[in-house]
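Pasted below: model34.pdb, PDB, C-alpha atoms.
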```pdb
ATOM      1  CA  MET A1156     102.872 105.567  37.909
ATOM      2  CA  LEU A1157     100.905 104.909  41.076
ATOM      3  CA  ARG A1158      98.418 107.797  41.095
ATOM      4  CA  GLY A1159      96.186 106.819  43.987
ATOM      5  CA  LEU A1160      96.180 104.604  47.047
ATOM      6  CA  THR A1161      93.000 104.093  49.065
ATOM      7  CA  SER A1162      92.087 101.878  51.982
ATOM      8  CA  TYR A1163      88.419 101.401  52.881
ATOM      9  CA  PRO A1164      88.432 100.440  56.587
ATOM     10  CA  VAL A1165      84.668  99.842  56.790
ATOM     11  CA  LYS A1166      83.099  97.995  53.875
ATOM     12  CA  SER A1167      80.944 100.423  51.823
ATOM     13  CA  CYS A1168      81.942 103.521  53.838
ATOM     14  CA  LYS A1169      84.277 106.303  52.670
ATOM     15  CA  GLY A1170      87.840 105.381  51.886
ATOM     16  CA  ILE A1171      90.978 107.005  53.243
ATOM     17  CA  GLU A1172      93.254 108.387  50.547
ATOM     18  CA  LEU A1173      96.847 107.645  51.483
ATOM     19  CA  GLN A1174     100.314 108.703  50.432
ATOM     20  CA  SER A1175     101.838 105.433  51.630
ATOM     21  CA  CYS A1176     100.502 102.119  52.900
ATOM     22  CA  ALA A1177     101.822  98.734  53.970
ATOM     23  CA  VAL A1178     100.618  95.543  52.353
ATOM     24  CA  ALA A1179      98.820  93.134  54.713
ATOM     25  CA  PRO A1180      97.875  89.464  54.110
ATOM     26  CA  THR A1181      94.282  90.485  53.325
ATOM     27  CA  GLY A1182      94.969  93.638  51.266
ATOM     28  CA  LEU A1183      96.100  97.156  52.048
ATOM     29  CA  ARG A1184      96.383  97.653  55.785
ATOM     30  CA  TYR A1185      92.944  98.052  57.387
ATOM     31  CA  ASP A1186      91.155  97.655  54.054
ATOM     32  CA  ARG A1187      87.669  96.187  54.649
ATOM     33  CA  ALA A1188      88.689  95.203  58.157
ATOM     34  CA  TRP A1189      85.257  96.238  59.485
ATOM     35  CA  MET A1190      81.751  95.678  58.164
ATOM     36  CA  VAL A1191      78.230  96.760  59.069
ATOM     37  CA  VAL A1192      75.904  93.794  59.521
ATOM     38  CA  LYS A1193      72.313  92.973  60.359
ATOM     39  CA  ARG A1194      70.790  89.905  61.895
ATOM     40  CA  GLY A1195      69.503  87.239  59.547
ATOM     41  CA  GLU A1196      68.850  83.553  59.662
ATOM     42  CA  GLY A1197      72.012  82.182  61.219
ATOM     43  CA  ALA A1198      74.988  84.464  60.591
ATOM     44  CA  MET A1199      74.941  88.248  60.533
ATOM     45  CA  ARG A1200      74.512  89.535  56.957
ATOM     46  CA  MET A1201      76.591  92.245  55.325
ATOM     47  CA  MET A1202      75.054  95.671  54.705
ATOM     48  CA  THR A1203      76.444  97.561  51.710
ATOM     49  CA  GLN A1204      75.696 100.502  49.452
ATOM     50  CA  ARG A1205      73.680  98.166  47.235
ATOM     51  CA  GLN A1206      70.805  98.445  49.720
ATOM     52  CA  TYR A1207      72.053 101.252  51.985
ATOM     53  CA  PRO A1208      73.708 103.945  49.821
ATOM     54  CA  LYS A1209      73.925 106.314  52.823
ATOM     55  CA  LEU A1210      76.910 104.287  54.011
ATOM     56  CA  ALA A1211      78.904 106.283  51.455
ATOM     57  CA  LEU A1212      78.565 109.320  53.718
ATOM     58  CA  VAL A1213      80.341 107.789  56.727
ATOM     59  CA  SER A1214      83.868 109.179  57.018
ATOM     60  CA  CYS A1215      86.634 106.974  58.386
ATOM     61  CA  ASP A1216      89.812 108.242  59.986
ATOM     62  CA  ILE A1217      92.850 106.312  61.197
ATOM     63  CA  PRO A1218      96.221 107.948  61.996
ATOM     64  CA  ALA A1219      98.427 107.908  58.887
ATOM     65  CA  GLU A1220     101.311 106.283  60.745
ATOM     66  CA  ALA A1221      99.138 103.231  61.492
ATOM     67  CA  PHE A1222      99.092 102.421  57.770
ATOM     68  CA  THR A1223     102.876 102.270  57.458
ATOM     69  CA  SER A1224     103.947 100.872  60.837
ATOM     70  CA  PRO A1225     106.509  98.064  60.394
ATOM     71  CA  SER A1226     104.808  96.107  63.166
ATOM     72  CA  THR A1227     102.109  93.617  62.222
ATOM     73  CA  SER A1228     100.347  94.339  65.521
ATOM     74  CA  ASP A1229      97.792  97.115  65.787
ATOM     75  CA  PRO A1230      99.182 100.382  67.191
ATOM     76  CA  GLU A1231      97.591 102.611  69.773
ATOM     77  CA  GLY A1232      94.856 104.743  68.274
ATOM     78  CA  PHE A1233      91.323 104.606  67.007
ATOM     79  CA  LEU A1234      89.197 104.167  63.946
ATOM     80  CA  ARG A1235      87.020 107.279  64.114
ATOM     81  CA  LEU A1236      83.724 107.205  62.253
ATOM     82  CA  SER A1237      81.656 110.315  61.620
ATOM     83  CA  PHE A1238      78.513 111.423  59.849
ATOM     84  CA  GLY A1239      76.936 114.839  60.278
ATOM     85  CA  GLY A1240      77.439 115.829  63.889
ATOM     86  CA  GLU A1241      77.711 112.261  65.177
ATOM     87  CA  SER A1242      80.885 110.256  65.691
ATOM     88  CA  VAL A1243      82.196 107.129  67.371
ATOM     89  CA  ALA A1244      85.705 105.829  68.088
ATOM     90  CA  VAL A1245      86.707 102.165  67.851
ATOM     91  CA  PRO A1246      90.095 101.149  69.327
ATOM     92  CA  LEU A1247      92.573  99.672  66.875
ATOM     93  CA  ARG A1248      94.530  97.573  69.344
ATOM     94  CA  ALA A1249      93.160  94.088  69.743
ATOM     95  CA  ALA A1250      93.965  93.889  73.446
ATOM     96  CA  LYS A1251      91.730  96.870  74.093
ATOM     97  CA  ARG A1252      88.969  95.720  71.782
ATOM     98  CA  HIS A1253      88.746  92.192  73.065
ATOM     99  CA  GLY A1254      90.194  92.282  76.570
ATOM    100  CA  GLY A1255      88.261  91.558  79.736
ATOM    101  CA  GLY A1256      86.285  94.007  81.784
ATOM    102  CA  GLY A1257      82.732  95.187  82.040
ATOM    103  CA  GLY A1258      80.784  97.870  80.290
ATOM    104  CA  ASN A1259      81.161  99.105  76.725
ATOM    105  CA  GLY A1260      84.361 101.133  77.004
ATOM    106  CA  ALA A1261      87.698 100.619  75.299
ATOM    107  CA  GLY A1262      88.707  97.870  77.719
ATOM    108  CA  ALA A1263      85.470  95.916  77.494
ATOM    109  CA  GLY A1264      85.252  92.431  76.022
ATOM    110  CA  ARG A1265      83.706  91.941  72.607
ATOM    111  CA  GLU A1266      81.334  89.184  71.600
ATOM    112  CA  VAL A1267      82.374  86.768  68.881
ATOM    113  CA  VAL A1268      79.676  86.502  66.211
ATOM    114  CA  GLN A1269      79.271  84.763  62.863
ATOM    115  CA  ALA A1270      79.113  87.023  59.813
ATOM    116  CA  ARG A1271      78.542  86.323  56.134
ATOM    117  CA  VAL A1272      80.020  87.902  52.989
ATOM    118  CA  TRP A1273      78.437  86.291  49.953
ATOM    119  CA  GLU A1274      79.067  82.547  50.276
ATOM    120  CA  TRP A1275      81.690  82.833  53.048
ATOM    121  CA  GLU A1276      80.735  82.637  56.691
ATOM    122  CA  GLY A1277      83.104  82.925  59.642
ATOM    123  CA  PRO A1278      83.693  84.269  63.145
ATOM    124  CA  CYS A1279      84.480  87.907  63.795
ATOM    125  CA  PHE A1280      84.385  90.401  66.646
ATOM    126  CA  ASP A1281      81.431  92.610  67.517
ATOM    127  CA  GLU A1282      82.608  96.175  68.162
ATOM    128  CA  GLY A1283      80.090  97.056  70.859
ATOM    129  CA  GLU A1284      77.036  99.151  71.548
ATOM    130  CA  ASP A1285      78.380 102.614  70.718
ATOM    131  CA  ALA A1286      79.250 101.606  67.151
ATOM    132  CA  ALA A1287      75.951  99.737  66.822
ATOM    133  CA  ARG A1288      73.969 102.812  67.887
ATOM    134  CA  PHE A1289      75.913 105.005  65.441
ATOM    135  CA  PHE A1290      75.040 102.868  62.410
ATOM    136  CA  THR A1291      71.531 102.036  63.585
ATOM    137  CA  SER A1292      70.758 105.764  63.795
ATOM    138  CA  LEU A1293      72.208 106.426  60.341
ATOM    139  CA  LEU A1294      70.524 103.531  58.531
ATOM    140  CA  GLU A1295      67.321 103.542  60.595
ATOM    141  CA  THR A1296      67.439  99.792  61.078
ATOM    142  CA  PRO A1297      69.086  97.657  63.777
ATOM    143  CA  CYS A1298      72.659  96.805  62.868
ATOM    144  CA  ARG A1299      76.104  96.098  64.315
ATOM    145  CA  LEU A1300      79.734  96.810  63.427
ATOM    146  CA  VAL A1301      82.037  93.788  63.300
ATOM    147  CA  ARG A1302      85.767  93.377  62.770
ATOM    148  CA  PHE A1303      87.485  90.707  60.735
ATOM    149  CA  ASP A1304      89.914  88.536  62.681
ATOM    150  CA  GLN A1305      93.049  89.532  60.764
ATOM    151  CA  GLU A1306      95.303  88.158  63.502
ATOM    152  CA  GLY A1307      93.909  84.633  63.268
ATOM    153  CA  ALA A1308      92.868  84.504  66.912
ATOM    154  CA  LEU A1309      89.628  82.693  66.105
ATOM    155  CA  GLU A1310      89.311  79.216  64.667
ATOM    156  CA  SER A1311      88.070  79.115  61.051
ATOM    157  CA  SER A1312      88.393  82.889  60.616
ATOM    158  CA  LEU A1313      90.562  82.643  57.479
ATOM    159  CA  ARG A1314      88.716  83.664  54.325
ATOM    160  CA  PRO A1315      90.368  82.186  51.224
ATOM    161  CA  THR A1316      89.942  83.724  47.808
ATOM    162  CA  ASP A1317      88.315  81.850  44.923
ATOM    163  CA  ALA A1318      90.557  78.851  44.272
ATOM    164  CA  ASP A1319      89.825  79.000  40.535
ATOM    165  CA  TYR A1320      91.653  82.321  40.326
ATOM    166  CA  ALA A1321      93.861  82.646  43.407
ATOM    167  CA  PRO A1322      94.160  79.348  45.281
ATOM    168  CA  ASP A1323      96.799  80.505  47.765
ATOM    169  CA  SER A1324      95.480  83.912  48.821
ATOM    170  CA  GLN A1325      93.112  85.329  51.409
ATOM    171  CA  THR A1326      91.022  88.424  51.984
ATOM    172  CA  GLY A1327      88.956  90.164  54.652
ATOM    173  CA  PHE A1328      85.496  91.668  54.155
ATOM    174  CA  SER A1329      86.115  92.609  50.508
ATOM    175  CA  ASP A1330      83.732  91.231  47.898
ATOM    176  CA  GLY A1331      86.232  88.557  46.950
ATOM    177  CA  PHE A1332      89.890  89.540  46.561
ATOM    178  CA  PRO A1333      92.421  91.560  48.590
ATOM    179  CA  PHE A1334      93.255  94.279  46.027
ATOM    180  CA  LEU A1335      91.438  96.125  43.249
ATOM    181  CA  ILE A1336      93.521  97.868  40.593
ATOM    182  CA  ALA A1337      92.225 100.344  37.994
ATOM    183  CA  SER A1338      93.779 102.771  35.537
ATOM    184  CA  GLN A1339      93.163 106.425  34.812
ATOM    185  CA  GLU A1340      93.037 105.599  31.107
ATOM    186  CA  SER A1341      90.107 103.243  31.654
ATOM    187  CA  LEU A1342      88.226 105.880  33.647
ATOM    188  CA  ARG A1343      88.825 108.351  30.829
ATOM    189  CA  ALA A1344      87.314 105.895  28.343
ATOM    190  CA  VAL A1345      84.222 105.533  30.538
ATOM    191  CA  ASN A1346      83.764 109.298  30.776
ATOM    192  CA  ASP A1347      84.329 109.712  27.040
ATOM    193  CA  GLY A1348      81.597 107.135  26.440
ATOM    194  CA  ILE A1349      79.213 108.928  28.768
ATOM    195  CA  ALA A1350      79.963 112.298  27.150
ATOM    196  CA  ALA A1351      79.303 110.920  23.682
ATOM    197  CA  SER A1352      75.714 110.003  24.523
ATOM    198  CA  ALA A1353      74.762 112.058  27.571
ATOM    199  CA  SER A1354      72.873 115.305  27.638
ATOM    200  CA  GLU A1355      74.815 118.538  27.924
ATOM    201  CA  GLY A1356      76.078 119.217  31.416
ATOM    202  CA  GLN A1357      76.595 115.576  32.455
ATOM    203  CA  ALA A1358      79.424 115.606  34.982
ATOM    204  CA  GLU A1359      82.367 113.266  34.628
ATOM    205  CA  LEU A1360      82.419 110.387  37.061
ATOM    206  CA  PRO A1361      85.268 110.319  39.584
ATOM    207  CA  MET A1362      87.312 107.209  40.258
ATOM    208  CA  ASN A1363      85.673 106.786  43.668
ATOM    209  CA  ARG A1364      82.593 105.349  41.931
ATOM    210  CA  PHE A1365      84.685 102.204  41.433
ATOM    211  CA  ARG A1366      86.360 102.136  44.871
ATOM    212  CA  PRO A1367      89.766 100.772  43.787
ATOM    213  CA  ASN A1368      92.740 100.356  46.109
ATOM    214  CA  LEU A1369      95.409 101.224  43.561
ATOM    215  CA  VAL A1370      95.005 103.667  40.685
ATOM    216  CA  VAL A1371      97.732 103.574  38.049
ATOM    217  CA  SER A1372      98.472 105.465  34.860
ATOM    218  CA  ASP A1373     100.872 105.410  31.917
ATOM    219  CA  CYS A1374     100.970 101.603  31.759
ATOM    220  CA  GLY A1375      98.952 101.285  28.570
ATOM    221  CA  GLY A1376      95.728 102.408  26.950
ATOM    222  CA  ALA A1377      92.130 102.176  28.123
ATOM    223  CA  PHE A1378      91.367  98.771  29.663
ATOM    224  CA  GLY A1379      94.993  97.827  29.277
ATOM    225  CA  GLU A1380      94.524  95.980  32.564
ATOM    226  CA  ASP A1381      93.007  93.164  30.516
ATOM    227  CA  GLU A1382      96.479  92.404  29.151
ATOM    228  CA  TRP A1383      98.401  92.526  32.431
ATOM    229  CA  ALA A1384      99.245  89.393  34.396
ATOM    230  CA  SER A1385     101.589  91.002  36.934
ATOM    231  CA  LEU A1386     102.293  94.591  37.916
ATOM    232  CA  ALA A1387     105.247  95.877  39.940
ATOM    233  CA  VAL A1388     104.978  99.001  42.079
ATOM    234  CA  ARG A1389     108.523 100.120  42.743
ATOM    235  CA  GLY A1390     109.662 101.263  46.177
ATOM    236  CA  GLY A1391     111.934 104.092  47.280
ATOM    237  CA  ASP A1392     114.128 106.449  45.291
ATOM    238  CA  SER A1393     116.359 103.568  44.250
ATOM    239  CA  GLY A1394     113.467 101.635  42.762
ATOM    240  CA  GLU A1395     114.208  98.677  45.029
ATOM    241  CA  GLY A1396     111.619  96.899  47.161
ATOM    242  CA  GLY A1397     108.046  97.755  46.353
ATOM    243  CA  CYS A1398     105.462  95.106  45.647
ATOM    244  CA  VAL A1399     104.397  92.810  42.816
ATOM    245  CA  PHE A1400     100.686  92.219  42.232
ATOM    246  CA  ASP A1401      99.132  89.427  40.171
ATOM    247  CA  LEU A1402      95.937  90.412  38.358
ATOM    248  CA  VAL A1403      93.727  87.348  38.634
ATOM    249  CA  LYS A1404      90.141  88.223  37.710
ATOM    250  CA  PRO A1405      88.365  91.155  36.041
ATOM    251  CA  CYS A1406      86.026  93.000  38.390
ATOM    252  CA  SER A1407      82.367  92.768  37.472
ATOM    253  CA  ARG A1408      80.489  95.903  38.463
ATOM    254  CA  CYS A1409      77.219  96.310  40.348
ATOM    255  CA  THR A1410      74.843  99.099  41.339
ATOM    256  CA  VAL A1411      77.309 100.525  43.897
ATOM    257  CA  THR A1412      78.959 102.288  40.940
ATOM    258  CA  THR A1413      75.731 104.271  40.411
ATOM    259  CA  VAL A1414      75.871 105.712  43.947
ATOM    260  CA  ASN A1415      77.178 109.273  44.130
ATOM    261  CA  GLN A1416      79.830 108.947  46.827
ATOM    262  CA  SER A1417      79.375 112.595  47.841
ATOM    263  CA  THR A1418      75.599 112.515  48.313
ATOM    264  CA  GLY A1419      74.950 108.899  49.282
ATOM    265  CA  ALA A1420      72.193 108.590  46.675
ATOM    266  CA  VAL A1421      71.782 106.644  43.445
ATOM    267  CA  ASP A1422      72.536 108.964  40.534
ATOM    268  CA  GLY A1423      71.207 107.493  37.291
ATOM    269  CA  LYS A1424      72.365 104.418  35.370
ATOM    270  CA  GLU A1425      75.962 105.400  34.694
ATOM    271  CA  PRO A1426      78.538 103.957  34.511
ATOM    272  CA  LEU A1427      76.781 100.596  34.118
ATOM    273  CA  ARG A1428      75.072 101.636  30.892
ATOM    274  CA  VAL A1429      78.238 102.728  29.124
ATOM    275  CA  LEU A1430      80.298  99.830  30.489
ATOM    276  CA  GLY A1431      77.685  97.475  29.082
ATOM    277  CA  GLU A1432      78.430  98.974  25.676
ATOM    278  CA  ILE A1433      82.212  99.393  25.733
ATOM    279  CA  HIS A1434      83.516  96.897  28.292
ATOM    280  CA  SER A1435      81.139  94.023  28.882
ATOM    281  CA  GLY A1436      82.583  90.540  29.049
ATOM    282  CA  LYS A1437      81.775  90.138  25.376
ATOM    283  CA  ALA A1438      83.307  93.490  24.351
ATOM    284  CA  ALA A1439      86.427  92.716  26.382
ATOM    285  CA  GLY A1440      86.762  89.305  24.778
ATOM    286  CA  TYR A1441      87.046  87.355  28.028
ATOM    287  CA  GLY A1442      85.646  84.236  26.378
ATOM    288  CA  ASN A1443      83.269  83.376  29.204
ATOM    289  CA  ALA A1444      79.662  82.957  28.072
ATOM    290  CA  LYS A1445      78.333  83.775  31.536
ATOM    291  CA  TRP A1446      80.102  87.154  31.461
ATOM    292  CA  GLU A1447      79.020  88.342  28.007
ATOM    293  CA  ARG A1448      76.478  90.915  29.237
ATOM    294  CA  VAL A1449      78.241  91.741  32.509
ATOM    295  CA  PRO A1450      79.968  95.163  32.826
ATOM    296  CA  PHE A1451      83.588  95.123  34.002
ATOM    297  CA  PHE A1452      85.995  97.764  35.308
ATOM    298  CA  GLY A1453      89.360  97.161  36.958
ATOM    299  CA  TRP A1454      91.027  93.926  38.008
ATOM    300  CA  ASN A1455      91.101  92.003  41.245
ATOM    301  CA  ALA A1456      94.639  91.243  42.361
ATOM    302  CA  VAL A1457      96.656  89.272  44.900
ATOM    303  CA  THR A1458     100.249  89.258  46.061
ATOM    304  CA  SER A1459     102.590  86.710  47.618
ATOM    305  CA  PRO A1460     103.295  86.336  51.356
ATOM    306  CA  ALA A1461     106.807  87.631  50.677
ATOM    307  CA  MET A1462     105.301  91.056  49.897
ATOM    308  CA  VAL A1463     103.477  91.392  53.235
ATOM    309  CA  GLY A1464     104.775  94.349  55.238
ATOM    310  CA  ARG A1465     106.224  96.184  52.266
ATOM    311  CA  VAL A1466     105.198  99.812  51.865
ATOM    312  CA  ILE A1467     104.069 101.318  48.574
ATOM    313  CA  SER A1468     103.666 105.036  47.928
ATOM    314  CA  VAL A1469     101.827 107.356  45.564
ATOM    315  CA  GLY A1470     104.189 108.589  42.869
ATOM    316  CA  ALA A1471     106.084 105.311  42.650
ATOM    317  CA  SER A1472     106.861 103.963  39.227
ATOM    318  CA  VAL A1473     104.713 101.088  37.993
ATOM    319  CA  CYS A1474     105.529  98.601  35.278
ATOM    320  CA  VAL A1475     103.889  95.560  33.761
ATOM    321  CA  THR A1476     106.167  92.601  34.489
ATOM    322  CA  LYS A1477     104.086  89.897  32.785
ATOM    323  CA  LYS A1478     101.321  89.962  30.239
ATOM    324  CA  LYS A1479      98.422  87.540  30.064
ATOM    325  CA  GLU A1480      99.709  85.567  27.123
ATOM    326  CA  GLU A1481     102.997  85.025  28.957
ATOM    327  CA  LYS A1482     101.192  83.571  31.939
ATOM    328  CA  GLY A1483      99.311  81.027  29.893
ATOM    329  CA  LYS A1484      95.995  81.342  31.708
ATOM    330  CA  GLN A1485      93.681  84.255  32.479
TER     331      GLN A1485
END
```

Could you spell out this file's structure in structure tokens?
Amino acid sequence: MLRGLTSYPVKSCKGIELQSCAVAPTGLRYDRAWMVVKRGEGAMRMMTQRQYPKLALVSCDIPAEAFTSPSTSDPEGFLRLSFGGESVAVPLRAAKRHGGGGGNGAGAGREVVQARVWEWEGPCFDEGEDAARFFTSLLETPCRLVRFDQEGALESSLRPTDADYAPDSQTGFSDGFPFLIASQESLRAVNDGIAASASEGQAELPMNRFRPNLVVSDCGGAFGEDEWASLAVRGGDSGEGGCVFDLVKPCSRCTVTTVNQSTGAVDGKEPLRVLGEIHSGKAAGYGNAKWERVPFFGWNAVTSPAMVGRVISVGASVCVTKKKEEKGKQ
């Protein structure tokens, strides 16, 4: 069953828990469509919870209907960002974000800048001074908010996924792939491992430490994701429609998982410590020498262009349609 559905509009900020969401070419609609950046040598550099854990405290809000609209164009409305008593609104519609006009209002033009996510570098849109001031005040360092060119208006804005794992897919400002899938059973195994060695009173970790897009259950045991090649999320009462996801690469985990998403502060060494024991590359049997000591949780996934625009909903049935050995290659 599909237990959870979350889009993270701004990379490293709070996600929006959804009941339903349409699939876009780069992931769930509006997922990692924006990113906070700072100036570096050449392109703007991403700013994430790895260095700025306070980003976890920024709430994002987009009207629910924008996530399920059948149109591929942005609707009227705003991305509203808030922290403490401060807030800022960023128009969703491209014509308003990037149209002509002076000043910094909704109709003002936006500068095209180069931004970098890991090894990828490409053009994107600067979202103006109000958003820049909001994040600069929060992080106490000069920064900007940029938007990925999901409409392909800019030359060379496409960001392909790793060709070794998904040669025909693309993503936005995610770390590497358009979807991240995790299971409740795997989270339970992590918390059981923590409980077995932690001092009394250690709280269980919530799923938001891992920031997945889709949370599933009842598809297998703990880390059953390692065996899945393709997963179908059914659509509607009839079970027709829905979306098929291909699980292409296990997700290695970093220090973001140690950030308490409610306080915006690093909170110990878990879950990295326990994952290193129970689900490192070696423990999982991935057969990659470079991954042996790397902790993993969840799987990166892609889908086909035929699935774009389809809507998936929490509560939908989920089934494994192919297993790894049937696919012939992990």

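Across the chains present, the PyMOL selection byres ((chain A and resi 1298-1315) around 6) applied to this file returns Ala1188, Trp1189, Met1190, Val1191, Val1192, Lys1193, Gly1277, Pro1278, Cys1279, Phe1280, Asp1281, Glu1282, Ala1287, Thr1291, Pro1297, Thr1316, Ser1324, Gln1325 and Thr1326 of chain A.
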
List, as an MDAnalysis selection string, every residue that the PyMOL selection byres ((chain A and resi 1333) around 6) selects in the file provided.
-> chainID A and resid 1181:1182 1326 1332 1334

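Atom CA of Asn1363 of chain A to atom CA of Asn1415 of chain A spans 8.9 Å [interatomic distance, one decimal].
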
Hey, can I get the axis-aligned box for segment 1285-1297 of chain A? All listed atoms, 4 Å padding on each side, centre and edge lengths in Å to one decimal, as lines of an AutoDock Vina configuration file.
```
center_x = 73.3
center_y = 102.0
center_z = 64.6
size_x = 19.9
size_y = 16.8
size_z = 20.2
```

Residue with the minimum atom-to-atom distance to Glu1425 of chain A, picked from A:Ser1352, A:Thr1161, A:Ser1385, A:Asn1455 with all atoms listed in the file counted, is A:Ser1352

Between atom CA of Arg1265 of chain A and atom CA of Arg1248 of chain A lies a distance of 12.6 Å
